[in-house]
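Visitor: Structure file run22.pdb (PDB, C-alpha atoms, pLDDT in the B column) right here:
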```
ATOM      1  CA  MET N   1      11.557   4.152 -18.100  1.00 63.00           C
ATOM      2  CA  PRO N   2      10.446   2.054 -21.060  1.00 77.00           C
ATOM      3  CA  GLU N   3       7.243   2.989 -22.832  1.00 74.00           C
ATOM      4  CA  PRO N   4       4.015   1.216 -21.840  1.00 78.00           C
ATOM      5  CA  PRO N   5       2.531  -1.227 -24.345  1.00 80.00           C
ATOM      6  CA  THR N   6       0.375   0.185 -27.117  1.00 81.00           C
ATOM      7  CA  THR N   7      -1.817  -2.844 -27.883  1.00 90.00           C
ATOM      8  CA  PRO N   8      -4.512  -4.531 -25.784  1.00 90.00           C
ATOM      9  CA  LYS N   9      -2.497  -7.774 -25.859  1.00 92.00           C
ATOM     10  CA  GLY N  10       0.612  -5.932 -24.668  1.00 89.00           C
ATOM     11  CA  ALA N  11      -1.364  -4.212 -21.912  1.00 91.00           C
ATOM     12  CA  ALA N  12      -2.752  -7.578 -20.779  1.00 95.00           C
ATOM     13  CA  THR N  13       0.756  -9.058 -20.687  1.00 95.00           C
ATOM     14  CA  ARG N  14       2.045  -6.060 -18.727  1.00 95.00           C
ATOM     15  CA  ARG N  15      -0.814  -6.486 -16.217  1.00 96.00           C
ATOM     16  CA  ARG N  16      -0.031 -10.210 -15.804  1.00 97.00           C
ATOM     17  CA  ILE N  17       3.612  -9.338 -15.179  1.00 97.00           C
ATOM     18  CA  LEU N  18       2.689  -6.703 -12.575  1.00 96.00           C
ATOM     19  CA  ASP N  19       0.326  -9.093 -10.784  1.00 96.00           C
ATOM     20  CA  ALA N  20       2.833 -11.959 -10.766  1.00 97.00           C
ATOM     21  CA  ALA N  21       5.628  -9.644  -9.656  1.00 97.00           C
ATOM     22  CA  ALA N  22       3.516  -8.207  -6.832  1.00 96.00           C
ATOM     23  CA  GLN N  23       3.070 -11.683  -5.370  1.00 96.00           C
ATOM     24  CA  GLU N  24       6.731 -12.590  -5.856  1.00 97.00           C
ATOM     25  CA  PHE N  25       8.053  -9.344  -4.341  1.00 96.00           C
ATOM     26  CA  ALA N  26       5.548  -9.475  -1.460  1.00 95.00           C
ATOM     27  CA  GLN N  27       6.667 -12.988  -0.557  1.00 95.00           C
ATOM     28  CA  ARG N  28      10.401 -12.688  -1.135  1.00 96.00           C
ATOM     29  CA  GLY N  29      11.431  -9.037  -1.293  1.00 94.00           C
ATOM     30  CA  ILE N  30      13.513  -7.434  -4.012  1.00 94.00           C
ATOM     31  CA  ALA N  31      16.657  -9.491  -3.448  1.00 94.00           C
ATOM     32  CA  GLY N  32      14.802 -12.793  -3.126  1.00 96.00           C
ATOM     33  CA  ALA N  33      12.434 -12.338  -6.052  1.00 97.00           C
ATOM     34  CA  ARG N  34      13.287 -14.177  -9.248  1.00 97.00           C
ATOM     35  CA  ILE N  35      12.392 -13.030 -12.736  1.00 97.00           C
ATOM     36  CA  ASP N  36      12.122 -16.704 -13.804  1.00 97.00           C
ATOM     37  CA  ARG N  37       9.271 -17.288 -11.329  1.00 98.00           C
ATOM     38  CA  ILE N  38       7.576 -14.047 -12.372  1.00 98.00           C
ATOM     39  CA  THR N  39       7.715 -14.922 -16.083  1.00 97.00           C
ATOM     40  CA  ALA N  40       6.440 -18.455 -15.432  1.00 97.00           C
ATOM     41  CA  THR N  41       3.487 -17.162 -13.398  1.00 98.00           C
ATOM     42  CA  ALA N  42       2.752 -14.386 -15.915  1.00 97.00           C
ATOM     43  CA  ARG N  43       3.074 -16.786 -18.865  1.00 97.00           C
ATOM     44  CA  THR N  44       5.565 -14.551 -20.644  1.00 96.00           C
ATOM     45  CA  ASN N  45       9.325 -14.228 -21.133  1.00 95.00           C
ATOM     46  CA  LYS N  46      12.211 -12.207 -19.742  1.00 96.00           C
ATOM     47  CA  ALA N  47      12.454 -10.064 -22.873  1.00 94.00           C
ATOM     48  CA  GLN N  48       8.947  -8.722 -22.268  1.00 94.00           C
ATOM     49  CA  VAL N  49       9.659  -8.056 -18.588  1.00 95.00           C
ATOM     50  CA  TYR N  50      12.801  -6.111 -19.414  1.00 95.00           C
ATOM     51  CA  GLY N  51      11.146  -4.469 -22.412  1.00 93.00           C
ATOM     52  CA  TYR N  52       8.261  -3.150 -20.318  1.00 94.00           C
ATOM     53  CA  PHE N  53      10.149  -2.374 -17.097  1.00 95.00           C
ATOM     54  CA  GLY N  54      13.861  -2.107 -17.943  1.00 94.00           C
ATOM     55  CA  SER N  55      15.161  -4.046 -14.945  1.00 95.00           C
ATOM     56  CA  LYS N  56      14.100  -5.960 -11.867  1.00 96.00           C
ATOM     57  CA  ASP N  57      14.330  -2.708  -9.892  1.00 95.00           C
ATOM     58  CA  GLY N  58      12.179  -0.970 -12.513  1.00 95.00           C
ATOM     59  CA  LEU N  59       9.627  -3.756 -12.200  1.00 96.00           C
ATOM     60  CA  PHE N  60       9.594  -3.392  -8.413  1.00 95.00           C
ATOM     61  CA  ASP N  61       9.099   0.375  -8.750  1.00 92.00           C
ATOM     62  CA  ALA N  62       6.184  -0.220 -11.143  1.00 94.00           C
ATOM     63  CA  VAL N  63       4.620  -2.738  -8.729  1.00 94.00           C
ATOM     64  CA  ILE N  64       4.911  -0.258  -5.840  1.00 90.00           C
ATOM     65  CA  ALA N  65       3.368   2.541  -7.924  1.00 86.00           C
ATOM     66  CA  ASP N  66       0.575   0.248  -9.134  1.00 87.00           C
ATOM     67  CA  HIS N  67      -0.328  -0.957  -5.645  1.00 84.00           C
ATOM     68  CA  ALA N  68      -0.060   2.474  -4.035  1.00 76.00           C
ATOM     69  CA  ASP N  69      -2.402   3.808  -6.723  1.00 69.00           C
ATOM     70  CA  ARG N  70      -4.830   0.960  -6.036  1.00 74.00           C
ATOM     71  CA  LEU N  71      -4.865   1.689  -2.306  1.00 70.00           C
ATOM     72  CA  MET N  72      -5.303   5.410  -2.807  1.00 68.00           C
ATOM     73  CA  SER N  73      -8.206   4.888  -5.188  1.00 72.00           C
ATOM     74  CA  ALA N  74      -9.792   2.122  -3.083  1.00 81.00           C
ATOM     75  CA  VAL N  75      -9.898   4.222   0.089  1.00 88.00           C
ATOM     76  CA  ALA N  76     -11.198   7.730  -0.446  1.00 90.00           C
ATOM     77  CA  PHE N  77      -9.366  10.311   1.658  1.00 92.00           C
ATOM     78  CA  ASP N  78     -11.440  12.720   3.722  1.00 94.00           C
ATOM     79  CA  ALA N  79      -9.649  15.020   6.149  1.00 96.00           C
ATOM     80  CA  GLU N  80     -13.000  15.524   7.878  1.00 95.00           C
ATOM     81  CA  ASP N  81     -13.290  11.759   8.520  1.00 97.00           C
ATOM     82  CA  LEU N  82      -9.813  10.443   9.278  1.00 98.00           C
ATOM     83  CA  PRO N  83     -11.280   7.718  11.542  1.00 98.00           C
ATOM     84  CA  GLY N  84     -13.318   6.446   8.591  1.00 97.00           C
ATOM     85  CA  TRP N  85     -10.257   6.637   6.338  1.00 96.00           C
ATOM     86  CA  ALA N  86      -8.270   4.586   8.858  1.00 96.00           C
ATOM     87  CA  VAL N  87     -11.001   1.925   8.984  1.00 97.00           C
ATOM     88  CA  GLY N  88     -11.072   1.854   5.180  1.00 95.00           C
ATOM     89  CA  MET N  89      -7.317   1.263   5.147  1.00 92.00           C
ATOM     90  CA  TYR N  90      -7.724  -1.537   7.729  1.00 96.00           C
ATOM     91  CA  ASP N  91     -10.271  -3.187   5.443  1.00 96.00           C
ATOM     92  CA  GLU N  92      -8.098  -2.707   2.357  1.00 92.00           C
ATOM     93  CA  ASN N  93      -5.164  -4.309   4.196  1.00 92.00           C
ATOM     94  CA  LEU N  94      -7.400  -7.317   4.885  1.00 94.00           C
ATOM     95  CA  ARG N  95      -8.379  -7.546   1.208  1.00 92.00           C
ATOM     96  CA  HIS N  96      -4.852  -6.934  -0.107  1.00 90.00           C
ATOM     97  CA  PRO N  97      -2.210  -7.754   2.530  1.00 91.00           C
ATOM     98  CA  GLU N  98       0.449  -7.829  -0.180  1.00 90.00           C
ATOM     99  CA  LEU N  99       0.522  -4.001  -0.243  1.00 87.00           C
ATOM    100  CA  VAL N 100       1.767  -3.775   3.335  1.00 88.00           C
ATOM    101  CA  ARG N 101       4.279  -6.542   2.670  1.00 91.00           C
ATOM    102  CA  LEU N 102       5.540  -4.679  -0.416  1.00 91.00           C
ATOM    103  CA  MET N 103       5.909  -1.479   1.599  1.00 88.00           C
ATOM    104  CA  ALA N 104       7.793  -3.393   4.302  1.00 90.00           C
ATOM    105  CA  TRP N 105      10.239  -4.715   1.701  1.00 91.00           C
ATOM    106  CA  LEU N 106      10.599  -1.209   0.267  1.00 90.00           C
ATOM    107  CA  ARG N 107      11.463   0.059   3.746  1.00 90.00           C
ATOM    108  CA  LEU N 108      13.883  -2.799   4.461  1.00 91.00           C
ATOM    109  CA  GLU N 109      15.678  -2.924   1.135  1.00 91.00           C
ATOM    110  CA  ARG N 110      15.558   0.586  -0.264  1.00 89.00           C
ATOM    111  CA  ARG N 111      14.402   3.335   2.078  1.00 88.00           C
ATOM    112  CA  PRO N 112      15.415   2.654   5.671  1.00 89.00           C
ATOM    113  CA  ALA N 113      14.667   6.237   6.761  1.00 91.00           C
ATOM    114  CA  GLY N 114      12.466   9.172   5.828  1.00 87.00           C
ATOM    115  CA  ARG N 115       9.222   9.091   3.878  1.00 85.00           C
ATOM    116  CA  LEU N 116       8.474   5.749   2.337  1.00 80.00           C
ATOM    117  CA  THR N 117       6.813   7.199  -0.743  1.00 75.00           C
ATOM    118  CA  ASP N 118       6.409  10.678  -2.101  1.00 71.00           C
ATOM    119  CA  THR N 119       3.550  10.840  -4.538  1.00 73.00           C
ATOM    120  CA  PRO N 120       1.668  13.802  -6.024  1.00 73.00           C
ATOM    121  CA  ASP N 121      -1.437  12.468  -4.221  1.00 75.00           C
ATOM    122  CA  ASP N 122       0.160  13.355  -0.867  1.00 84.00           C
ATOM    123  CA  GLU N 123      -0.004  17.132  -1.238  1.00 90.00           C
ATOM    124  CA  PRO N 124      -3.807  17.461  -1.481  1.00 92.00           C
ATOM    125  CA  LYS N 125      -4.143  15.272   1.628  1.00 92.00           C
ATOM    126  CA  LEU N 126      -1.651  17.362   3.580  1.00 94.00           C
ATOM    127  CA  THR N 127      -3.325  20.573   2.388  1.00 96.00           C
ATOM    128  CA  ALA N 128      -6.767  19.256   3.445  1.00 97.00           C
ATOM    129  CA  ILE N 129      -5.421  18.335   6.887  1.00 97.00           C
ATOM    130  CA  ALA N 130      -3.842  21.777   7.267  1.00 97.00           C
ATOM    131  CA  ALA N 131      -7.163  23.413   6.296  1.00 97.00           C
ATOM    132  CA  ALA N 132      -9.069  21.309   8.847  1.00 97.00           C
ATOM    133  CA  GLN N 133      -6.478  22.249  11.465  1.00 97.00           C
ATOM    134  CA  ALA N 134      -6.802  25.938  10.610  1.00 97.00           C
ATOM    135  CA  ALA N 135     -10.574  25.622  10.985  1.00 97.00           C
ATOM    136  CA  GLY N 136     -10.097  24.066  14.432  1.00 97.00           C
ATOM    137  CA  ARG N 137     -11.473  20.625  13.465  1.00 97.00           C
ATOM    138  CA  LEU N 138      -8.193  18.704  13.857  1.00 97.00           C
ATOM    139  CA  ARG N 139      -5.416  18.873  16.405  1.00 97.00           C
ATOM    140  CA  GLN N 140      -2.470  21.088  15.601  1.00 97.00           C
ATOM    141  CA  GLY N 141       0.855  19.707  14.450  1.00 97.00           C
ATOM    142  CA  ASP N 142       2.665  18.880  11.263  1.00 97.00           C
ATOM    143  CA  PRO N 143       0.081  17.415   8.837  1.00 97.00           C
ATOM    144  CA  LEU N 144       2.668  14.856   7.733  1.00 94.00           C
ATOM    145  CA  ASP N 145       3.057  13.635  11.318  1.00 96.00           C
ATOM    146  CA  LEU N 146      -0.707  13.448  11.753  1.00 96.00           C
ATOM    147  CA  ILE N 147      -1.227  11.393   8.602  1.00 93.00           C
ATOM    148  CA  ALA N 148       1.701   9.136   9.579  1.00 93.00           C
ATOM    149  CA  LEU N 149       0.059   8.491  12.948  1.00 96.00           C
ATOM    150  CA  VAL N 150      -3.296   7.642  11.361  1.00 96.00           C
ATOM    151  CA  ILE N 151      -1.659   5.302   8.838  1.00 92.00           C
ATOM    152  CA  ALA N 152       0.314   3.580  11.604  1.00 94.00           C
ATOM    153  CA  MET N 153      -2.861   3.071  13.615  1.00 97.00           C
ATOM    154  CA  ALA N 154      -4.686   1.710  10.548  1.00 95.00           C
ATOM    155  CA  CYS N 155      -1.852  -0.764   9.984  1.00 94.00           C
ATOM    156  CA  ALA N 156      -1.700  -1.942  13.607  1.00 96.00           C
ATOM    157  CA  TRP N 157      -3.082  -5.367  12.621  1.00 96.00           C
ATOM    158  CA  SER N 158      -1.529  -5.530   9.147  1.00 93.00           C
ATOM    159  CA  PRO N 159       1.194  -7.939   7.971  1.00 90.00           C
ATOM    160  CA  ALA N 160       3.736  -5.343   9.171  1.00 86.00           C
ATOM    161  CA  SER N 161       2.490  -5.612  12.756  1.00 89.00           C
ATOM    162  CA  GLY N 162       5.053  -6.658  15.302  1.00 87.00           C
ATOM    163  CA  PHE N 163       2.329  -8.081  17.501  1.00 92.00           C
ATOM    164  CA  TYR N 164      -0.688  -9.488  15.633  1.00 95.00           C
ATOM    165  CA  THR N 165      -1.633  -9.815  11.978  1.00 95.00           C
ATOM    166  CA  ALA N 166      -5.344  -9.987  11.219  1.00 96.00           C
ATOM    167  CA  THR N 167      -6.554 -11.926   8.188  1.00 96.00           C
ATOM    168  CA  ALA N 168      -9.763 -11.891   6.192  1.00 95.00           C
ATOM    169  CA  ASP N 169     -10.404 -15.482   7.342  1.00 96.00           C
ATOM    170  CA  GLU N 170     -11.057 -14.472  10.950  1.00 96.00           C
ATOM    171  CA  PRO N 171     -14.574 -14.150  12.359  1.00 96.00           C
ATOM    172  CA  SER N 172     -16.222 -10.811  11.589  1.00 97.00           C
ATOM    173  CA  THR N 173     -16.691 -10.110  15.297  1.00 98.00           C
ATOM    174  CA  GLY N 174     -12.940  -9.627  15.699  1.00 97.00           C
ATOM    175  CA  HIS N 175     -12.809  -7.252  12.747  1.00 98.00           C
ATOM    176  CA  ASP N 176     -15.828  -5.306  13.992  1.00 98.00           C
ATOM    177  CA  ARG N 177     -14.184  -4.951  17.403  1.00 98.00           C
ATOM    178  CA  ARG N 178     -10.927  -3.700  15.838  1.00 98.00           C
ATOM    179  CA  ARG N 179     -12.742  -1.291  13.518  1.00 98.00           C
ATOM    180  CA  ALA N 180     -14.623   0.256  16.442  1.00 98.00           C
ATOM    181  CA  LEU N 181     -11.430   0.550  18.498  1.00 98.00           C
ATOM    182  CA  LEU N 182      -9.517   2.017  15.566  1.00 98.00           C
ATOM    183  CA  ARG N 183     -12.255   4.545  14.811  1.00 98.00           C
ATOM    184  CA  GLU N 184     -12.391   5.672  18.453  1.00 98.00           C
ATOM    185  CA  CYS N 185      -8.621   5.843  18.923  1.00 98.00           C
ATOM    186  CA  VAL N 186      -8.039   7.828  15.727  1.00 98.00           C
ATOM    187  CA  ALA N 187     -10.861  10.217  16.652  1.00 98.00           C
ATOM    188  CA  ARG N 188      -9.274  10.822  20.053  1.00 98.00           C
ATOM    189  CA  ALA N 189      -5.777  11.186  18.626  1.00 97.00           C
ATOM    190  CA  ILE N 190      -6.785  13.853  16.098  1.00 97.00           C
ATOM    191  CA  ALA N 191      -9.284  15.757  18.249  1.00 97.00           C
ATOM    192  CA  PRO N 192      -8.444  19.466  18.583  1.00 95.00           C
TER     193      PRO N 192
END
```
Rewrite the structure from the file as structure tokens, please.
Guide:
Amino acid sequence: MPEPPTTPKGAATRRRILDAAAQEFAQRGIAGARIDRITATARTNKAQVYGYFGSKDGLFDAVIADHADRLMSAVAFDAEDLPGWAVGMYDENLRHPELVRLMAWLRLERRPAGRLTDTPDDEPKLTAIAAAQAAGRLRQGDPLDLIALVIAMACAWSPASGFYTATADEPSTGHDRRRALLRECVARAIAP
């Protein structure tokens, strides 16, 4: 992987590229995305894109890592409050629907089976779930399966939904109703 920029101007250009690429990949996927549109939106050139990211695939990987990091830092994980974590993810999906779209493209174009991502941040979450299970506060089962279930429930109304996609433009009463339902359903699903 190419080295990150070392100057503030370079870092700002890299950020513009990542932001433009996130929108392009979210809308069109890896195959449909065009570097020309990304460079035009980011007000840069192809040489900088390839210099910072190596390839279109490298750029996509960087976008996925950037957005996954944003989600993980935006929604604090608490194994003792998985219902609250699920609601936080619902809200983050409303604020940034492009993350779910990016993950859908990742699943469709690169990883059709198995874990979608495997980040170092996963292990502490799985360990915390296992500890809560051992203490009798969460239902038994593979911690990975439990977290997958909670994430799926949190994304029930996301852009990846096969039934209904909620948007931030909807009345707050609908979101409040979904948050309450999500909180209750996750609490029941994980109860010991």
Visitor: Check which residues of stretch 32-102 of chain N sit at most 9 Å from stretch 117-126 of chain N using all atoms listed in the file, and return one row each with the closest pair of atoms and their distance in Å to one decimal, ordered by chain and rising number, as JSON lines.
Guide:
```
{"residue": "N:Ala65", "atom": "CA", "partner": "N:Thr119", "partner_atom": "CA", "distance": 9.0}
{"residue": "N:Ala68", "atom": "CA", "partner": "N:Thr117", "partner_atom": "CA", "distance": 9.0}
{"residue": "N:Met72", "atom": "CA", "partner": "N:Asp121", "partner_atom": "CA", "distance": 8.2}
{"residue": "N:Phe77", "atom": "CA", "partner": "N:Lys125", "partner_atom": "CA", "distance": 7.2}
{"residue": "N:Asp78", "atom": "CA", "partner": "N:Lys125", "partner_atom": "CA", "distance": 8.0}
{"residue": "N:Ala79", "atom": "CA", "partner": "N:Lys125", "partner_atom": "CA", "distance": 7.1}
```
Visitor: Evaluating the PyMOL selection byres ((chain N and resi 31) around 12) on the displayed file yields which residues, as a list of chain:residue names?
Guide: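 Going through the file, the PyMOL selection byres ((chain N and resi 31) around 12) ends up selecting N:Glu24, N:Phe25, N:Ala26, N:Gln27, N:Arg28, N:Gly29, N:Ile30, N:Gly32, N:Ala33, N:Arg34, N:Ile35, N:Lys56, N:Asp57, N:Phe60, N:Trp105, N:Leu106, N:Leu108, N:Glu109, N:Arg110.
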Visitor: Limited to C-alpha atoms, could you put the picked residues into a file as an mmCIF file, keeping the file's coordinate frame?
Guide:
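Contents of out27.cif, as written:
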```cif
data_model
loop_
_atom_site.group_PDB
_atom_site.id
_atom_site.type_symbol
_atom_site.label_atom_id
_atom_site.label_comp_id
_atom_site.auth_asym_id
_atom_site.auth_seq_id
_atom_site.Cartn_x
_atom_site.Cartn_y
_atom_site.Cartn_z
ATOM 1 C CA GLU N 24 6.731 -12.590 -5.856
ATOM 2 C CA PHE N 25 8.053 -9.344 -4.341
ATOM 3 C CA ALA N 26 5.548 -9.475 -1.460
ATOM 4 C CA GLN N 27 6.667 -12.988 -0.557
ATOM 5 C CA ARG N 28 10.401 -12.688 -1.135
ATOM 6 C CA GLY N 29 11.431 -9.037 -1.293
ATOM 7 C CA ILE N 30 13.513 -7.434 -4.012
ATOM 8 C CA GLY N 32 14.802 -12.793 -3.126
ATOM 9 C CA ALA N 33 12.434 -12.338 -6.052
ATOM 10 C CA ARG N 34 13.287 -14.177 -9.248
ATOM 11 C CA ILE N 35 12.392 -13.030 -12.736
ATOM 12 C CA LYS N 56 14.100 -5.960 -11.867
ATOM 13 C CA ASP N 57 14.330 -2.708 -9.892
ATOM 14 C CA PHE N 60 9.594 -3.392 -8.413
ATOM 15 C CA TRP N 105 10.239 -4.715 1.701
ATOM 16 C CA LEU N 106 10.599 -1.209 0.267
ATOM 17 C CA LEU N 108 13.883 -2.799 4.461
ATOM 18 C CA GLU N 109 15.678 -2.924 1.135
ATOM 19 C CA ARG N 110 15.558 0.586 -0.264
#
```
Visitor: Between atom CA of N:Leu99 and atom CA of N:Ala47, what is the spacing in Å?
Guide: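 Computing the Euclidean distance for atom CA of N:Ala47 and atom CA of N:Leu99 yields 26.3 Å.
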Visitor: Point out the residue among N:Ala156, N:Ala191, N:Leu181, N:Ala128 with the least atom-to-atom distance to N:Met89, counting only C-alpha atoms.
Guide: N:Ala156
Visitor: Tell me which residues the PyMOL selection byres ((chain N and resi 133-149) around 9) grabs here, as a PyMOL selection string.
Guide: chain N and resi 79-80+82+125-132+150-154+186+189-192
Visitor: Convert the output of the PyMOL selection byres ((chain N and resi 75) around 9) on the shown file into explicit residues, formatted as a list in words.
Guide: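 When the PyMOL selection byres ((chain N and resi 75) around 9) is applied, the selected residues are Arg70, Leu71, Met72, Ser73, Ala74, Ala76, Phe77, Trp85, Ala86, Gly88, Met89 and Glu92 of chain N.
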Visitor: How many Å separate atom CA of N:Cys185 from atom CA of N:Pro97?
Guide: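 Atom CA of N:Pro97 lies 22.2 Å from atom CA of N:Cys185.
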Visitor: Pick from N:Pro2, N:Gln23, N:Thr41, N:Pro171: nearest to N:Ser55, with all atoms listed in the file counted?
Guide: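 Closest candidate: N:Pro2.
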Visitor: Between atom CA of N:Lys46 and atom CA of N:Met103, what distance in Å does the model show, to one decimal?
Guide: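 Atom-to-atom, atom CA of N:Lys46 to atom CA of N:Met103, that is 24.7 Å.
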Visitor: Residues near N:Val63, anyone? I mean within 7 Å using only C-alpha atoms, not counting same-chain ones fewer than 3 positions away, as a list in words.
Guide: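 The filter keeps Leu18, Ala22, Leu59, Phe60, Asp66 and His67 of chain N.
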Visitor: Which residues are near N:Val100? Cut-off 8 Å, all atoms listed in the file, ignore same chain within fewer than 5 positions. Put them as a ChimeraX atom specification.
Guide: /N:93,158-160
Visitor: Please write the residues from the selection above to a file, keeping C-alpha atoms, as a PDB file, keeping the file's coordinate frame.
Guide:
```
ATOM      1  CA  ASN N  93      -5.164  -4.309   4.196  1.00 92.00           C
ATOM      2  CA  SER N 158      -1.529  -5.530   9.147  1.00 93.00           C
ATOM      3  CA  PRO N 159       1.194  -7.939   7.971  1.00 90.00           C
ATOM      4  CA  ALA N 160       3.736  -5.343   9.171  1.00 86.00           C
TER       5      ALA N 160
END
```
Visitor: Could you model N, CA and C atoms for stretch 122-135 of chain N and present them as a PDB file, in the coordinates of the input?
Guide:
```pdb
ATOM      1  N   ASP N 122      -0.061  12.983  -2.265  1.00 84.00           N
ATOM      2  CA  ASP N 122       0.160  13.355  -0.867  1.00 84.00           C
ATOM      3  C   ASP N 122      -0.185  14.818  -0.587  1.00 84.00           C
ATOM      4  N   GLU N 123       0.168  15.698  -1.489  1.00 90.00           N
ATOM      5  CA  GLU N 123      -0.004  17.132  -1.238  1.00 90.00           C
ATOM      6  C   GLU N 123      -1.457  17.542  -0.987  1.00 90.00           C
ATOM      7  N   PRO N 124      -2.428  17.091  -1.789  1.00 92.00           N
ATOM      8  CA  PRO N 124      -3.807  17.461  -1.481  1.00 92.00           C
ATOM      9  C   PRO N 124      -4.263  16.962  -0.105  1.00 92.00           C
ATOM     10  N   LYS N 125      -3.791  15.798   0.301  1.00 92.00           N
ATOM     11  CA  LYS N 125      -4.143  15.272   1.628  1.00 92.00           C
ATOM     12  C   LYS N 125      -3.571  16.167   2.723  1.00 92.00           C
ATOM     13  N   LEU N 126      -2.296  16.514   2.573  1.00 94.00           N
ATOM     14  CA  LEU N 126      -1.651  17.362   3.580  1.00 94.00           C
ATOM     15  C   LEU N 126      -2.295  18.748   3.616  1.00 94.00           C
ATOM     16  N   THR N 127      -2.658  19.268   2.463  1.00 96.00           N
ATOM     17  CA  THR N 127      -3.325  20.573   2.388  1.00 96.00           C
ATOM     18  C   THR N 127      -4.695  20.506   3.062  1.00 96.00           C
ATOM     19  N   ALA N 128      -5.441  19.413   2.833  1.00 97.00           N
ATOM     20  CA  ALA N 128      -6.767  19.256   3.445  1.00 97.00           C
ATOM     21  C   ALA N 128      -6.650  19.134   4.969  1.00 97.00           C
ATOM     22  N   ILE N 129      -5.632  18.437   5.434  1.00 97.00           N
ATOM     23  CA  ILE N 129      -5.421  18.335   6.887  1.00 97.00           C
ATOM     24  C   ILE N 129      -5.092  19.705   7.459  1.00 97.00           C
ATOM     25  N   ALA N 130      -4.207  20.436   6.797  1.00 97.00           N
ATOM     26  CA  ALA N 130      -3.842  21.777   7.267  1.00 97.00           C
ATOM     27  C   ALA N 130      -5.060  22.695   7.309  1.00 97.00           C
ATOM     28  N   ALA N 131      -5.949  22.588   6.314  1.00 97.00           N
ATOM     29  CA  ALA N 131      -7.163  23.413   6.296  1.00 97.00           C
ATOM     30  C   ALA N 131      -8.085  23.033   7.454  1.00 97.00           C
ATOM     31  N   ALA N 132      -8.234  21.753   7.724  1.00 97.00           N
ATOM     32  CA  ALA N 132      -9.069  21.309   8.847  1.00 97.00           C
ATOM     33  C   ALA N 132      -8.458  21.741  10.172  1.00 97.00           C
ATOM     34  N   GLN N 133      -7.140  21.748  10.255  1.00 97.00           N
ATOM     35  CA  GLN N 133      -6.478  22.249  11.465  1.00 97.00           C
ATOM     36  C   GLN N 133      -6.728  23.743  11.632  1.00 97.00           C
ATOM     37  N   ALA N 134      -6.592  24.485  10.552  1.00 97.00           N
ATOM     38  CA  ALA N 134      -6.802  25.938  10.610  1.00 97.00           C
ATOM     39  C   ALA N 134      -8.233  26.274  11.016  1.00 97.00           C
ATOM     40  N   ALA N 135      -9.169  25.409  10.627  1.00 97.00           N
ATOM     41  CA  ALA N 135     -10.574  25.622  10.985  1.00 97.00           C
ATOM     42  C   ALA N 135     -10.892  25.104  12.392  1.00 97.00           C
TER      43      ALA N 135
END
```
